[in-house]
Amino acid sequence: MVESEVVFRVKRYRPESGLNYIKDHVDPTLTFRWSCRMGICGSCGADVNGQPRLTCGTYIRDVHKGAVTVEPLSNFPILKDLVVDFDDFLNKLASVTPYIVRKDWGDLTKEYVQYPEDVEAYRQQSLCINCMLCYAACPVFGSSPEFVGPAASALALRYNRDTRDQGADARLARLNTKTGIWECTFVGECSVVCPKDVDPAAAIQTLKFLATMRHMRRLLMPGASSR
Amino acid sequence: MERTSFDIVVVGGGAAGLRAAIAAAESDPDLTIALVSKVYPMRSHTVSAEGGTAAVLRDYDSFELHALDTIKGSDFLADQDAVEFFVARCPEEIIRLEHWGCPWSRDEDGRVSQRAFGGMSVKRTVYAADKVGFHILHTLFQTSMKYDRIHRFDEYFVTSLIVDAGACTGVVALNLRGGSMVAIQGKATILATGGCGRVYEFTTNGFIKTGDGMALAYRAGVPLKDMEMVQFHPTCLPGTGILITEAARGEGGYLINKDGERYMQRYLPGKMELGPRDILSRAMVQEMKEGRAFEGPYGLYLGLDLRHLGAKKINERIPMVRELAEKYMGLDPVHEPIPVRPGQHYIMGGVSTNLKGETTLPGLYAVGETACVSINGANRLGSNSLSECLVFGAACGHAAVEFAKRRSTYPRGAAAREALKREEARVFDGLLGRERGKETVAGIRIEMQQLMERDVGIFREESALSDACGMLGKLRDRFASVGLADKDRVFNTELTAVLELDFMLDITMTIAHSARNRHESRGAHSRTDFPQRDDANYLKHTLAFQTDGPPRIDYVPVTITKWQPVERTY
């Protein structure tokens with residue numbers, strides 16, 4: 001106990017240093033992922049005092065109330081110490097077709113015209129760093145691991161809102177399945193913990209609306225496809 | 001049983017590796033590609049690049065001008081054929097990324113925006129606010145998901161190349177989660193593991209930047225080129241080394257000393273804050289030496305003043321600058337200057353390659369910061385490195401495909417089995433078996449980083465460099481008695497730290513010896529004992545070859561096409 005108090009006093013203003021100090025000077029077997037220490041690579045998520053956070057952006061002075069409890073992100077299989085398995089997310093991400101779909105690509109001499117407001121339409125969702133805090137915070141994912149989840153849904157919306165894309169219909173079809181967006185009960189914790197203000201909860205509600213519209217359109221106008 | 005034989009093996013999942021993998025996947029639907037990375041690809045350090053990526057896209061600009069800026073920025077050490085090849089292909093790569101969905105910032109007319117950057121004589125730098133690397137990386141990674149034939153090996157740490165009958169036939173890697181070693185065979189292998197900034201104490205680089213690919217090639221007998229050419233970026237946050245993008249100055253930010261003076265007027269009045277990084281970093285050190293720097297808890301620093309830009313422009317063009325300053329310095333750049341000081345940022349040197357990314361070892365390619373083509377010479381211009389990853393990633397991917405197609409059969413298994421056995425013995429029986437003694441991986445790493453910082457930093461001279469060469473040799477000896485506390489095979493990050501330190505000790509030797517042997521000042525290599533550029537003797541690339549002891553240093557000529565070296569003035 002005495003040792004860890006010293007660690008935290010010495011390093012309290014150096015966000016990334018607490019765990020690294022322990023690894024370098026106290027216990028080299030402590031296992032965690034880390035890299036950029038500037039809140040952009042998304043490696044270092046952990047539950048700190050029960051809240052999912054990027055540890056590099058967590059100041060010990062803000063969470064230091066006696067002991068600081070650091071645990072692996074909830075809802076994921078634990079590989080070792082703070083390291084959890086994200087493969088399931090990468091499969092879910094792949095399932096929402098996270099890239100521009102087009103029939104015809106045009107040549108490489110000029111860009112597609114996109115106005116600043118067109119970029120603004122999908123900018124917020126494009127800021128997702130795949131840190132997985134939203135999945136750790138999501139009670140639905142906790143109880144139904146097959147749920148596509150917040151980040152993958154937000155990224156699906158990101159492409160659906162992109163004027164260059166023609167793959168919206170297939171994405172909505174994917175999200176309109178048993179493991180898709182209807183699992184979400186709008187708890188909203190995902191948006192609370194998101195370090196990049198992606199607001200996946202709002203993205204999912206938007207997708208529910210779009211999926212409903214698509215469904216109605218298909219009922220009323222069989223054969224017509226939405227964009 | 002997981003597939004372990006591929007046409008192409010790519011090591012590294014950042015911009016260069018992903019671009020190469022996609023190029024290979026697109027060129028032939030029958031090819032199989034392994035993408036091997038010690039981290040999930042979206043964690044790669046490309047993610048931290050901020051300010052932009054260069055390309056000639058407007059009528060006011062030309063390939064000629066982009067080439068000249070790059071060559072002048074390089075202090076005439078760049079190979080001019082490589083630069084010409086590069087500038088001509090930047091536009092198509094930027095537009096390809098645009099077609100793949102990269103959220104480039106746009107002008108009112110809907111075209112991709114361009115901003116000013118250091119050493120670029122016109123607005124040439126394409127950007128997506130100030131998260132350019134992040135957006136490029138995620139766009140490439142997500143686009144790579146289109147291709148089932150790109151088979152990912154996430155969190156596999158490559159420990160060695162497989163060399164069979166004078167050619168590279170794949171890699172041996174430690175599966176971090178499985179805790180086992182595996183041989184991943186390839187007809188062609190591409191190294192794209194990024195830089196080695198973590199050999200320095202104060203760096204903008206992420207913790208994963210340990211020069212793995214450079215060391216892998218070096219150990220296979222491939223020379224490392226121009227390793228003395230290390231870039232120090234002028235604007236890093238004291239304490240953490242977090243980068244504040246050059247775009248902050250591109251958008252109009254000032255550098256000020258403690259008297260509030262825009263001191264660059266005394267060093268580079270023609271360019272002011274938009275000079276090349278080597279010159280700006282040296283000016284900062286000079287200001288510090290002459291007592292005009294601020295002093296804070298993390299030592300001397302200067303001010304990056306953005307107050308006159310206003311909140312709106314800062315939020316729109318460089319939001320991450322504000323986010324980083326608020327989060328990691330506790331101040332708002334709308335109201336206060338940001339404390340900055342120079343820090344290691346990039347290495348111009350790397351695995352010696354030609355335009356196609358080919359090394360001297362058949363079947364082995366290198367690209368991105370890992371490689372030295374060289375378009376960056378003695379000093380890289382900001383926003384040329386992301387473009388380099390894209391242009392040469394594509395070129396290298398295509399070249400590797402051509403090579404793989406000529407090799408009709410997969411590499412024979414015997415060499416792979418032998419390499420696997422050798423690596424298992426070295427890593428598991430050797431390194432992992434070592435008991436903890438008085439040497440620790442953290443202890444030696446910290447000494448190495450401090451030594452590099454002190455003796456092989458922004459300014460260099462003979463006695464410090466010769467000390468560094470000697471001390472690094474001693475650290476290498478002491479490394480032999482580093483022991484491990486963690487004996488677990490599964491996700492043993494103490495073991496990977498030992499493997500990384502082993503690589504970094506090789507890299508530091510090549511940097512220090514290459515620096516010691518270049519008796520001139522050129523670009524980022526600044527010798528106080530040889531302050532002039534010396535074209536008569538040193539208009540040439542350094543090559544460092546591995547031997548049993550210190551590296552053997554050799555030289556090859558610089559390729560000059562049409563820009564004769566002249567004095568570098570701005």
# chains A, B, ... in the order shown; residues from 1 in each chain; ligands from 1
>>> residues_around(residues="segment 166-172 of chain A", least_positions_apart="2", cutoff="8 Å", atoms="only C-alpha atoms", output="short mmCIF file (atom, residue, chain, number, x, y, z; two decimals) with C-alpha atoms, in the first residue's frame")
data_model
loop_
_atom_site.label_atom_id
_atom_site.label_comp_id
_atom_site.auth_asym_id
_atom_site.auth_seq_id
_atom_site.Cartn_x
_atom_site.Cartn_y
_atom_site.Cartn_z
CA VAL A 96 -21.66 -3.29 -41.51
CA THR A 97 -19.65 -2.78 -44.74
CA ILE A 100 -17.57 3.34 -49.57
CA VAL A 101 -19.67 1.21 -51.90
CA ARG A 102 -20.09 2.35 -55.50
CA LYS A 103 -21.04 0.81 -58.78
CA ALA A 156 -22.53 2.32 -40.41
CA TYR A 159 -21.04 5.72 -44.39
CA ASN A 160 -24.80 5.97 -44.94
CA ARG A 164 -20.14 9.39 -52.06
CA ARG A 174 -27.81 -5.74 -41.88
CA LEU A 175 -28.77 -3.50 -38.97
CA ASN A 176 -32.43 -4.45 -39.27
CA LEU A 207 -30.62 4.30 -37.84
CA LEU A 210 -33.93 5.11 -41.36
CA ALA A 211 -34.52 1.37 -41.11
CA ARG A 214 -36.72 1.67 -45.59
CA SER A 225 -34.62 0.32 -53.61
CA SER A 226 -33.53 3.10 -51.38
CA ARG A 227 -30.18 4.78 -51.91
#
>>> select_by_dssp(residues="segment 9-187 of chain A", states="strand (DSSP E or B)", output="number ranges by chain")
A: 45-48, 51-54, 70-71, 78-80, 83-84
>>> write_last_selection(atoms="N, CA and C atoms", output="mmCIF file, in the first residue's frame")
data_model
loop_
_atom_site.group_PDB
_atom_site.id
_atom_site.type_symbol
_atom_site.label_atom_id
_atom_site.label_comp_id
_atom_site.auth_asym_id
_atom_site.auth_seq_id
_atom_site.Cartn_x
_atom_site.Cartn_y
_atom_site.Cartn_z
ATOM 1 N N GLY A 45 -8.034 1.656 -23.135
ATOM 2 C CA GLY A 45 -9.272 1.681 -22.367
ATOM 3 C C GLY A 45 -9.245 0.697 -21.204
ATOM 4 N N ALA A 46 -9.785 1.127 -20.075
ATOM 5 C CA ALA A 46 -9.923 0.243 -18.908
ATOM 6 C C ALA A 46 -11.011 0.833 -18.025
ATOM 7 N N ASP A 47 -11.543 0.001 -17.149
ATOM 8 C CA ASP A 47 -12.498 0.519 -16.167
ATOM 9 C C ASP A 47 -11.701 1.114 -15.004
ATOM 10 N N VAL A 48 -11.823 2.417 -14.799
ATOM 11 C CA VAL A 48 -11.120 3.073 -13.698
ATOM 12 C C VAL A 48 -12.162 3.459 -12.652
ATOM 13 N N GLN A 51 -15.580 3.001 -14.035
ATOM 14 C CA GLN A 51 -16.031 3.739 -15.224
ATOM 15 C C GLN A 51 -15.095 3.440 -16.408
ATOM 16 N N PRO A 52 -15.646 3.101 -17.588
ATOM 17 C CA PRO A 52 -14.762 2.900 -18.742
ATOM 18 C C PRO A 52 -14.106 4.222 -19.148
ATOM 19 N N ARG A 53 -12.774 4.224 -19.268
ATOM 20 C CA ARG A 53 -12.053 5.446 -19.633
ATOM 21 C C ARG A 53 -10.816 5.088 -20.434
ATOM 22 N N LEU A 54 -10.330 6.091 -21.199
ATOM 23 C CA LEU A 54 -9.001 5.956 -21.776
ATOM 24 C C LEU A 54 -8.030 6.282 -20.647
ATOM 25 N N VAL A 70 -8.186 -0.173 -11.125
ATOM 26 C CA VAL A 70 -8.139 -0.276 -12.585
ATOM 27 C C VAL A 70 -8.443 -1.715 -12.979
ATOM 28 N N GLU A 71 -9.488 -1.893 -13.791
ATOM 29 C CA GLU A 71 -9.904 -3.238 -14.191
ATOM 30 C C GLU A 71 -10.046 -3.296 -15.699
ATOM 31 N N ILE A 78 -11.374 -11.589 -21.180
ATOM 32 C CA ILE A 78 -10.083 -11.086 -20.703
ATOM 33 C C ILE A 78 -8.974 -12.018 -21.166
ATOM 34 N N LEU A 79 -7.934 -11.427 -21.764
ATOM 35 C CA LEU A 79 -6.782 -12.229 -22.184
ATOM 36 C C LEU A 79 -5.759 -12.304 -21.063
ATOM 37 N N LYS A 80 -5.507 -11.145 -20.449
ATOM 38 C CA LYS A 80 -4.561 -11.113 -19.321
ATOM 39 C C LYS A 80 -4.609 -9.728 -18.694
ATOM 40 N N VAL A 83 -5.797 -6.582 -20.514
ATOM 41 C CA VAL A 83 -5.902 -6.822 -21.960
ATOM 42 C C VAL A 83 -7.117 -7.688 -22.265
ATOM 43 N N VAL A 84 -8.015 -7.152 -23.087
ATOM 44 C CA VAL A 84 -9.215 -7.911 -23.460
ATOM 45 C C VAL A 84 -9.218 -8.154 -24.968
#
>>> residues_around(residues="Pro565 of chain B", least_positions_apart="5", cutoff="10 Å", atoms="only C-alpha atoms", output="PyMOL selection string")
chain B and resi 71-72+75-77+535+539+560
>>> closest_residue(among="A:Pro150, A:Gly188, A:Gly106, A:Pro98", to="chain B", atoms="only C-alpha atoms")
A:Pro98
>>> closest_atom_pairs(of="chain B", to="chain A", cutoff="6 Å", atoms="only C-alpha atoms", output="tab-separated table")
residue	atom	partner	partner_atom	distance
B:Arg43	CA	A:Cys41	CA	4.7
B:Glu92	CA	A:Leu108	CA	5.5
B:Ile95	CA	A:Glu111	CA	5.5
B:Trp100	CA	A:Ile100	CA	5.7
B:Gly101	CA	A:Ile100	CA	5.9
B:Arg106	CA	A:Pro116	CA	5.4
B:Gly110	CA	A:Tyr115	CA	4.1
B:Arg111	CA	A:Val113	CA	5.8
B:Gln142	CA	A:Pro98	CA	5.5
B:Thr143	CA	A:Tyr99	CA	5.2
B:Gly206	CA	A:Cys36	CA	4.2
B:Phe207	CA	A:Ser35	CA	4.6
B:Ile208	CA	A:Ser35	CA	5.7
B:Ala442	CA	A:Asp24	CA	5.4
B:Asp486	CA	A:Thr29	CA	4.9
>>> closest_atom_pairs(of="segment 338-358 of chain B", to="segment 387-408 of chain B", cutoff="12 Å", atoms="only C-alpha atoms", output="JSON lines")
{"residue": "B:Met348", "atom": "CA", "partner": "B:Glu388", "partner_atom": "CA", "distance": 11.6}
{"residue": "B:Thr353", "atom": "CA", "partner": "B:Cys396", "partner_atom": "CA", "distance": 10.1}
{"residue": "B:Asn354", "atom": "CA", "partner": "B:Cys396", "partner_atom": "CA", "distance": 9.7}
{"residue": "B:Leu355", "atom": "CA", "partner": "B:Phe392", "partner_atom": "CA", "distance": 7.5}
{"residue": "B:Lys356", "atom": "CA", "partner": "B:Cys396", "partner_atom": "CA", "distance": 5.0}
{"residue": "B:Gly357", "atom": "CA", "partner": "B:Cys396", "partner_atom": "CA", "distance": 5.0}
{"residue": "B:Glu358", "atom": "CA", "partner": "B:Cys396", "partner_atom": "CA", "distance": 7.5}
>>> closest_residue(among="B:Glu500, B:Glu93, B:Asp59, B:Glu273", to="Gly119 of chain B", atoms="only C-alpha atoms")
B:Glu273
>>> residues_around(residues="Pro557 of chain B", least_positions_apart="2", cutoff="12 Å", atoms="only C-alpha atoms", output="PyMOL selection string")
chain B and resi 76-80+225-226+374+535-543+554-555+559-560
>>> residues_around(residues="segment 327-337 of chain B", least_positions_apart="2", cutoff="7 Å", atoms="only C-alpha atoms", output="PyMOL selection string")
chain B and resi 303-307+310-311+322-325+339
>>> closest_residue(among="B:Gly239, B:Leu505, B:Thr210, B:Met227", to="Arg518 of chain B", atoms="only C-alpha atoms")
B:Met227
